[in-house]
Amino acid sequence: MLDLDEQLHFRPRTLLLSRHTLSLGEQVWHLAPDMALRLSDHAGVGVLELVDGKGRLAVWHFTMGLHARAARMVDLFGRMVAALAQGGDAPAGQGPRTCPDCQAVLPADTEDCPDCAQDAPEEAPPSTWVLLRLWRFARPYRWQLLAGLALTMASTAATLVPPYLTIPLMDRVLIPFQNGQRIDTTLVALLLGGLLGSALLAWALGWARTWLLALVSERISADLRTTTFDHLLKLSLDYFGSKRTGDLIARIGSETDRISVFLSLHALDFATDVLMIGMTAAILFSINPWLALVTLLPLPFIGWLIHLVRDRLRTGFEKIDRVWGEVTNVLADTIPGIRVVKAFAQEHRESGRFRRANEHNLAVNDRLNKTWSLFTPTVALLTEVGLLVVWAFGIWLIARNQITVGVLTAFIAYIGRFYGRLDSMSRIVSVTQKAASGAKRIFDILDHVSNVPEPAQPVPLPEVRGGLQMEGVSFRYGNRAVIRDLSLDIRPGEMIGLVGHSGSGKSTLVNLLCRFYDVSEGSIRVDGVDVRRVGVADFRRHIGLVLQEPFLFFGTIAENIAYGRPDATRADIVTAARAAHAHEFILRLPHGYDSLVGERGQGLSGGERQRISIARALLIDPRILILDEATSAVDTETEKEIQRALDNLVQGRTTIAIAHRLSTLRKADRLVVMDRGRIVEIGSHDDLIARRGAYWRLYEAQARKEQEAAALLDEGRTDGDRA
């Protein structure tokens, strides 16, 4: 399927490949051995070209969503033409590989079917067993946990003493007193003392247990947050490109808090409930087995209800987590971009986005609450019915003189605790599924492997001179080829200017040089050492990066300059600021170097932020410097200030500079012209102008734009003078 016409307007069409022809509507091309079907892309538009030995026969365009299918067609076309060149059809067993499920032709470089991947069902909801993986974080505190379990058992046993003491209190004190006997004050004092002592002991043991396990759970969740954040920082940029900021913040923040609450409160309560039910059942059977059996009648029904509701809750809480991530994402998008929202008067639109996300969250919660609201009262009803059955059966046993009133009273007291614990255990289903959902989202991060891995045996870098060698470098974003078979040798201390149209691969090449991504093919070496053999942090500390949009952290000016060297002295910071031509405007701020910078540098102008970022790069004294459109977003006067700062920055360093304003690259030793991921020209400014090639066309087009802008400015001034 093609979806663009020759003018790049949307127009769905079908390109058909059969065994002997390629056709589009009434146009038909018969396959021949010298034919080839070429696939390329530029600025987000895919291109298919049909060529033969004489030239291009046809060209078609499509959006990048169809790139995978186009790649399969090119692969199949190549196999068919190769078979024709051999004098016949493709031999059996040598044809294109197909998907066993949907029978679509598979791309040559993958075992996965893109069509099946698009139609894949949603990921299965999390299993409760994922909570067992938290033992990795609980293991360092196993002795504290064991002590907490012992305290739990002791405190639970202490709470079971009072009902047992009610048996002699009823049968040997109160009932005989009603029958005219005197009260044995010594026995009463002993029994009441036992009740008070057990209550105090249960309180002390419960406090110690809760305090100890709360401390442990907080430390487990803190370790979980730290480990997750540390792992997140080690992941490559492609992971962050596919994730929303609000979702990641919610995972590390609210999900770990939810796990902490589960471990410190609910898991502890669940353990107490299990012990209480087990000990209570043992005591009940020791007093009267038949009455104990009647007491346990509701248990199978409650267990069946829990099993029935568990899967619905598990799926529901997973949906709630995803929907809540949508709400957080709207906040994470809108608040940092509030200036753009207000500049375009889009407050109502953003309010609508948040309202829709919030309403979706409300609807999902409402659906889940329907299930949960029915489950909890049903459990309560079953426990009440069980209590009535015990009363009836107990009265019948008393009437037959098989138990005493004291035994029934103790039974009722134990049953109240027993059924209370059953109700509490039924509620644990909800919080357990919430914790399991949160744990799964945390482990989704921890299980992700970086596409820029650390070497197993990193090679230490000697003193870096700054030589860079790229050989046969290729790189893909998914199915889209961005860099193709690129080779370039950069000498130590040389300044290279990268130029080309938008989408030609300049920024991607810079990302590969910084090892934000790893090459798909070929190699990049620094001073002869493959960068994949060097530790990531060890390699990047030799690189200084100045971006088009400099990012400043909330903090002081001095802290931002010293970000790459937190141990830098104030004298080092001032020296770097002077070299970056930032010292003067910093001193004009209310608190100088201790002035606070707003979030993302909101309190400074674009040129001031850029000079701070240059000072930040100067302070680490890198051997390799990368300038990515460092002056494109500022006015002419500010550009001159920044350019003077950059002149200090590039001295003695290997420099790769990207700039749309070609005039800013006149000082470069060599200019590298890129187009569609390939190097098409290399040379100095004068040499490339003399060649009248790709660089000359770029330069002429830019010169015409500048002349037109100057003419419009002069015309405006003339009209102003006349007015």
# chains A, B, ... in the order shown; residues from 1 in each chain; ligands from 1
call {"tool": "closest_atom_pairs", "arguments": {"of": "stretch 512-556 of chain A", "to": "stretch 491-506 of chain A", "cutoff": "12 Å", "atoms": "only C-alpha atoms", "output": "tab-separated table"}}
result
residue	atom	partner	partner_atom	distance
A:Leu512	CA	A:Lys506	CA	10.0
A:Leu513	CA	A:Lys506	CA	10.8
A:Arg525	CA	A:Arg491	CA	11.8
A:Val526	CA	A:Pro492	CA	9.7
A:Asp527	CA	A:Pro492	CA	8.4
A:Gly528	CA	A:Arg491	CA	11.3
call {"tool": "residues_around", "arguments": {"residues": "A:Gly394", "least_positions_apart": "6", "cutoff": "8 Å", "atoms": "only C-alpha atoms", "output": "ChimeraX atom specification"}}
result
/A:291,403,408
call {"tool": "write_last_selection", "arguments": {"atoms": "C-alpha atoms", "output": "CSV table (one decimal), in the first residue's frame"}}
result
chain,number,residue,atom,x,y,z
A,291,LEU,CA,-18.7,-26.4,67.6
A,403,ILE,CA,-20.9,-27.5,77.0
A,408,LEU,CA,-20.0,-20.7,74.5
call {"tool": "closest_atom_pairs", "arguments": {"of": "stretch 389-474 of chain A", "to": "stretch 674-695 of chain A", "cutoff": "12 Å", "atoms": "only C-alpha atoms", "output": "CSV"}}
result
residue,atom,partner,partner_atom,distance
A:Met470,CA,A:Ile679,CA,11.8
A:Gly472,CA,A:Arg678,CA,10.5
A:Val473,CA,A:Arg678,CA,9.7
A:Ser474,CA,A:Gly677,CA,8.4
call {"tool": "select_by_dssp", "arguments": {"residues": "stretch 350-534 of chain A", "states": "alpha helix (DSSP H)", "output": "ChimeraX atom specification"}}
result
/A:350-399,405-446,506-513
call {"tool": "write_last_selection", "arguments": {"atoms": "C-alpha atoms", "output": "CSV table (one decimal), in the first residue's frame"}}
result
chain,number,residue,atom,x,y,z
A,350,GLU,CA,-5.0,21.6,28.3
A,351,SER,CA,-7.7,21.8,30.8
A,352,GLY,CA,-9.8,19.6,28.5
A,353,ARG,CA,-7.0,17.1,28.1
A,354,PHE,CA,-6.7,16.8,31.9
A,355,ARG,CA,-10.4,16.6,32.3
A,356,ARG,CA,-10.7,13.7,29.8
A,357,ALA,CA,-7.8,11.8,31.4
A,358,ASN,CA,-9.3,12.3,34.8
A,359,GLU,CA,-12.7,11.2,33.6
A,360,HIS,CA,-11.2,8.1,32.1
A,361,ASN,CA,-9.5,7.4,35.4
A,362,LEU,CA,-12.8,7.9,37.2
A,363,ALA,CA,-14.6,5.5,34.8
A,364,VAL,CA,-12.0,2.8,35.3
A,365,ASN,CA,-12.2,3.1,39.1
A,366,ASP,CA,-16.0,3.1,39.0
A,367,ARG,CA,-16.0,-0.2,37.1
A,368,LEU,CA,-13.6,-1.8,39.6
A,369,ASN,CA,-15.5,-0.4,42.6
A,370,LYS,CA,-18.7,-2.2,41.4
A,371,THR,CA,-16.9,-5.5,41.9
A,372,TRP,CA,-15.2,-4.5,45.2
A,373,SER,CA,-18.4,-3.0,46.7
A,374,LEU,CA,-20.3,-6.2,46.2
A,375,PHE,CA,-17.4,-8.5,47.5
A,376,THR,CA,-16.9,-6.8,50.9
A,377,PRO,CA,-20.5,-6.8,52.1
A,378,THR,CA,-20.9,-10.4,50.9
A,379,VAL,CA,-18.0,-11.5,53.1
A,380,ALA,CA,-19.5,-9.6,56.0
A,381,LEU,CA,-22.9,-11.3,55.5
A,382,LEU,CA,-21.3,-14.7,55.5
A,383,THR,CA,-19.5,-14.0,58.7
A,384,GLU,CA,-22.8,-12.8,60.4
A,385,VAL,CA,-24.6,-15.9,59.2
A,386,GLY,CA,-21.8,-18.0,60.6
A,387,LEU,CA,-22.1,-16.3,63.9
A,388,LEU,CA,-25.8,-17.0,64.1
A,389,VAL,CA,-25.2,-20.6,63.3
A,390,VAL,CA,-22.7,-20.8,66.1
A,391,TRP,CA,-25.2,-19.2,68.5
A,392,ALA,CA,-27.9,-21.7,67.5
A,393,PHE,CA,-25.7,-24.7,67.7
A,394,GLY,CA,-24.1,-23.6,71.0
A,395,ILE,CA,-27.5,-23.1,72.6
A,396,TRP,CA,-28.5,-26.6,71.5
A,397,LEU,CA,-25.3,-28.0,73.0
A,398,ILE,CA,-26.0,-26.2,76.3
A,399,ALA,CA,-29.5,-27.5,76.4
A,405,VAL,CA,-22.2,-21.1,79.2
A,406,GLY,CA,-18.5,-20.1,79.8
A,407,VAL,CA,-17.4,-22.3,76.8
A,408,LEU,CA,-20.0,-20.7,74.5
A,409,THR,CA,-19.0,-17.2,75.7
A,410,ALA,CA,-15.4,-18.0,75.0
A,411,PHE,CA,-16.4,-19.4,71.6
A,412,ILE,CA,-18.3,-16.2,70.8
A,413,ALA,CA,-15.3,-14.1,71.8
A,414,TYR,CA,-12.9,-16.2,69.7
A,415,ILE,CA,-15.3,-16.2,66.8
A,416,GLY,CA,-15.6,-12.4,66.8
A,417,ARG,CA,-11.8,-12.3,66.4
A,418,PHE,CA,-11.8,-15.2,63.9
A,419,TYR,CA,-14.4,-13.7,61.6
A,420,GLY,CA,-12.9,-10.2,62.0
A,421,ARG,CA,-9.6,-11.6,60.8
A,422,LEU,CA,-11.4,-13.3,57.9
A,423,ASP,CA,-12.9,-10.0,56.9
A,424,SER,CA,-9.5,-8.4,57.1
A,425,MET,CA,-8.0,-11.2,55.0
A,426,SER,CA,-10.6,-10.7,52.3
A,427,ARG,CA,-9.7,-7.0,52.1
A,428,ILE,CA,-6.0,-7.9,51.6
A,429,VAL,CA,-6.9,-9.1,48.1
A,430,SER,CA,-7.3,-5.6,47.0
A,431,VAL,CA,-4.1,-4.2,48.4
A,432,THR,CA,-2.2,-7.3,47.3
A,433,GLN,CA,-3.2,-6.8,43.7
A,434,LYS,CA,-2.4,-3.1,43.9
A,435,ALA,CA,1.1,-3.9,45.2
A,436,ALA,CA,1.6,-6.7,42.6
A,437,SER,CA,0.7,-4.2,39.9
A,438,GLY,CA,3.1,-1.6,41.2
A,439,ALA,CA,5.9,-4.2,41.6
A,440,LYS,CA,5.4,-5.3,38.0
A,441,ARG,CA,5.7,-1.8,36.8
A,442,ILE,CA,8.9,-1.4,38.8
A,443,PHE,CA,10.4,-4.6,37.6
A,444,ASP,CA,9.5,-3.7,34.0
A,445,ILE,CA,12.2,-1.0,34.4
A,446,LEU,CA,14.7,-3.2,36.3
A,506,LYS,CA,23.9,15.1,11.6
A,507,SER,CA,22.4,14.9,15.1
A,508,THR,CA,22.2,11.1,14.9
A,509,LEU,CA,25.9,11.0,14.1
A,510,VAL,CA,26.6,13.2,17.1
A,511,ASN,CA,24.5,10.8,19.3
A,512,LEU,CA,26.6,7.9,18.1
A,513,LEU,CA,29.8,9.8,18.8
call {"tool": "residues_around", "arguments": {"residues": "stretch 607-620 of chain A", "least_positions_apart": "2", "cutoff": "6 Å", "atoms": "only C-alpha atoms", "output": "list in words"}}
result
Gly544, Pro550, Ile561, Ala576, Ala577, Ala580, Ala582, Leu604, Ser605, Pro622 and Thr638 of chain A
call {"tool": "select_by_dssp", "arguments": {"residues": "stretch 407-592 of chain A", "states": "strand (DSSP E or B)", "output": "JSON, numbers by chain"}}
result
{"A": [468, 469, 470, 471, 472, 473, 474, 475, 476, 477, 480, 481, 482, 483, 484, 485, 486, 487, 488, 489, 490, 495, 496, 497, 498, 499, 500, 521, 522, 523, 524, 525, 526, 529, 530, 543, 544, 545, 546, 555, 556]}
call {"tool": "write_last_selection", "arguments": {"atoms": "N, CA and C atoms", "output": "compact mmCIF listing (two decimals), in the first residue's frame"}}
result
# COMPACT_ATOMS: atom_id res chain seq x y z
N LEU A 468 39.29 10.53 16.22
CA LEU A 468 38.07 9.75 16.05
C LEU A 468 38.09 9.09 14.68
N GLN A 469 37.79 7.81 14.67
CA GLN A 469 37.74 7.06 13.41
C GLN A 469 36.40 6.34 13.30
N MET A 470 35.68 6.60 12.22
CA MET A 470 34.41 5.93 11.94
C MET A 470 34.56 5.11 10.67
N GLU A 471 34.25 3.83 10.76
CA GLU A 471 34.39 2.94 9.61
C GLU A 471 33.10 2.17 9.38
N GLY A 472 32.53 2.35 8.20
CA GLY A 472 31.33 1.61 7.82
C GLY A 472 30.18 1.74 8.79
N VAL A 473 29.99 2.92 9.36
CA VAL A 473 28.97 3.12 10.39
C VAL A 473 27.58 3.17 9.76
N SER A 474 26.68 2.36 10.31
CA SER A 474 25.26 2.39 9.92
C SER A 474 24.43 2.38 11.19
N PHE A 475 23.26 2.99 11.12
CA PHE A 475 22.38 3.03 12.30
C PHE A 475 20.94 3.11 11.84
N ARG A 476 20.07 2.42 12.59
CA ARG A 476 18.65 2.40 12.28
C ARG A 476 17.83 2.80 13.50
N TYR A 477 16.77 3.57 13.27
CA TYR A 477 15.71 3.77 14.25
C TYR A 477 14.61 2.79 13.89
N ARG A 480 13.86 2.12 10.14
CA ARG A 480 14.28 3.27 9.35
C ARG A 480 15.79 3.45 9.41
N ALA A 481 16.44 3.37 8.27
CA ALA A 481 17.89 3.57 8.21
C ALA A 481 18.18 5.07 8.23
N VAL A 482 19.00 5.52 9.19
CA VAL A 482 19.31 6.94 9.34
C VAL A 482 20.74 7.24 8.90
N ILE A 483 21.68 6.38 9.30
CA ILE A 483 23.07 6.50 8.87
C ILE A 483 23.40 5.27 8.03
N ARG A 484 24.04 5.49 6.88
CA ARG A 484 24.32 4.38 5.97
C ARG A 484 25.80 4.36 5.58
N ASP A 485 26.51 3.32 6.02
CA ASP A 485 27.87 3.03 5.57
C ASP A 485 28.75 4.29 5.56
N LEU A 486 28.83 4.94 6.70
CA LEU A 486 29.56 6.21 6.81
C LEU A 486 30.96 5.96 7.35
N SER A 487 31.95 6.53 6.71
CA SER A 487 33.35 6.43 7.16
C SER A 487 33.95 7.83 7.20
N LEU A 488 34.65 8.14 8.30
CA LEU A 488 35.25 9.45 8.48
C LEU A 488 36.38 9.35 9.49
N ASP A 489 37.50 9.98 9.18
CA ASP A 489 38.66 9.99 10.08
C ASP A 489 38.90 11.44 10.52
N ILE A 490 38.84 11.69 11.83
CA ILE A 490 39.02 13.03 12.38
C ILE A 490 40.32 13.05 13.18
N MET A 495 38.93 20.67 13.77
CA MET A 495 37.55 21.15 13.86
C MET A 495 36.80 20.74 12.61
N ILE A 496 35.74 19.99 12.80
CA ILE A 496 34.91 19.49 11.71
C ILE A 496 33.55 20.17 11.78
N GLY A 497 33.08 20.67 10.65
CA GLY A 497 31.73 21.23 10.57
C GLY A 497 30.81 20.26 9.86
N LEU A 498 29.70 19.90 10.49
CA LEU A 498 28.71 19.02 9.87
C LEU A 498 27.57 19.86 9.31
N VAL A 499 27.30 19.73 8.03
CA VAL A 499 26.24 20.51 7.38
C VAL A 499 25.37 19.56 6.57
N GLY A 500 24.18 20.01 6.28
CA GLY A 500 23.23 19.22 5.50
C GLY A 500 21.81 19.62 5.84
N GLU A 521 25.97 -1.16 12.54
CA GLU A 521 27.05 -1.81 11.81
C GLU A 521 28.27 -0.90 11.87
N GLY A 522 29.45 -1.49 11.65
CA GLY A 522 30.67 -0.71 11.64
C GLY A 522 31.19 -0.44 13.04
N SER A 523 32.05 0.57 13.17
CA SER A 523 32.66 0.86 14.47
C SER A 523 33.04 2.33 14.55
N ILE A 524 33.08 2.83 15.78
CA ILE A 524 33.59 4.17 16.09
C ILE A 524 34.72 3.98 17.09
N ARG A 525 35.89 4.54 16.79
CA ARG A 525 37.05 4.38 17.66
C ARG A 525 37.56 5.75 18.09
N VAL A 526 38.06 5.81 19.31
CA VAL A 526 38.71 7.01 19.81
C VAL A 526 40.17 6.67 20.06
N VAL A 529 40.83 2.98 19.78
CA VAL A 529 40.14 2.05 20.67
C VAL A 529 38.63 2.12 20.40
N ASP A 530 38.01 0.96 20.12
CA ASP A 530 36.57 0.91 19.89
C ASP A 530 35.84 1.41 21.15
N ILE A 543 34.16 14.10 26.83
CA ILE A 543 33.35 14.78 25.82
C ILE A 543 32.63 15.96 26.46
N GLY A 544 32.73 17.11 25.81
CA GLY A 544 31.95 18.27 26.21
C GLY A 544 30.85 18.52 25.19
N LEU A 545 29.62 18.69 25.66
CA LEU A 545 28.48 18.81 24.76
C LEU A 545 27.76 20.14 25.02
N VAL A 546 27.59 20.92 23.96
CA VAL A 546 26.84 22.18 24.03
C VAL A 546 25.69 22.06 23.04
N GLY A 555 18.82 25.37 40.78
CA GLY A 555 19.95 25.51 41.69
C GLY A 555 20.65 26.82 41.41
N THR A 556 21.83 26.99 41.97
CA THR A 556 22.57 28.25 41.77
C THR A 556 23.33 28.21 40.45
call {"tool": "atom_distance", "arguments": {"atom1": "atom CA of A:Leu237", "atom2": "atom CA of A:Val536"}}
result
13.2 Å
call {"tool": "atom_distance", "arguments": {"atom1": "atom CA of A:Ala281", "atom2": "atom CA of A:Leu191"}}
result
23.1 Å
call {"tool": "closest_residue", "arguments": {"among": "A:Leu205, A:Ile175, A:Val216, A:Leu305", "to": "A:Arg139", "atoms": "only C-alpha atoms"}}
result
A:Val216
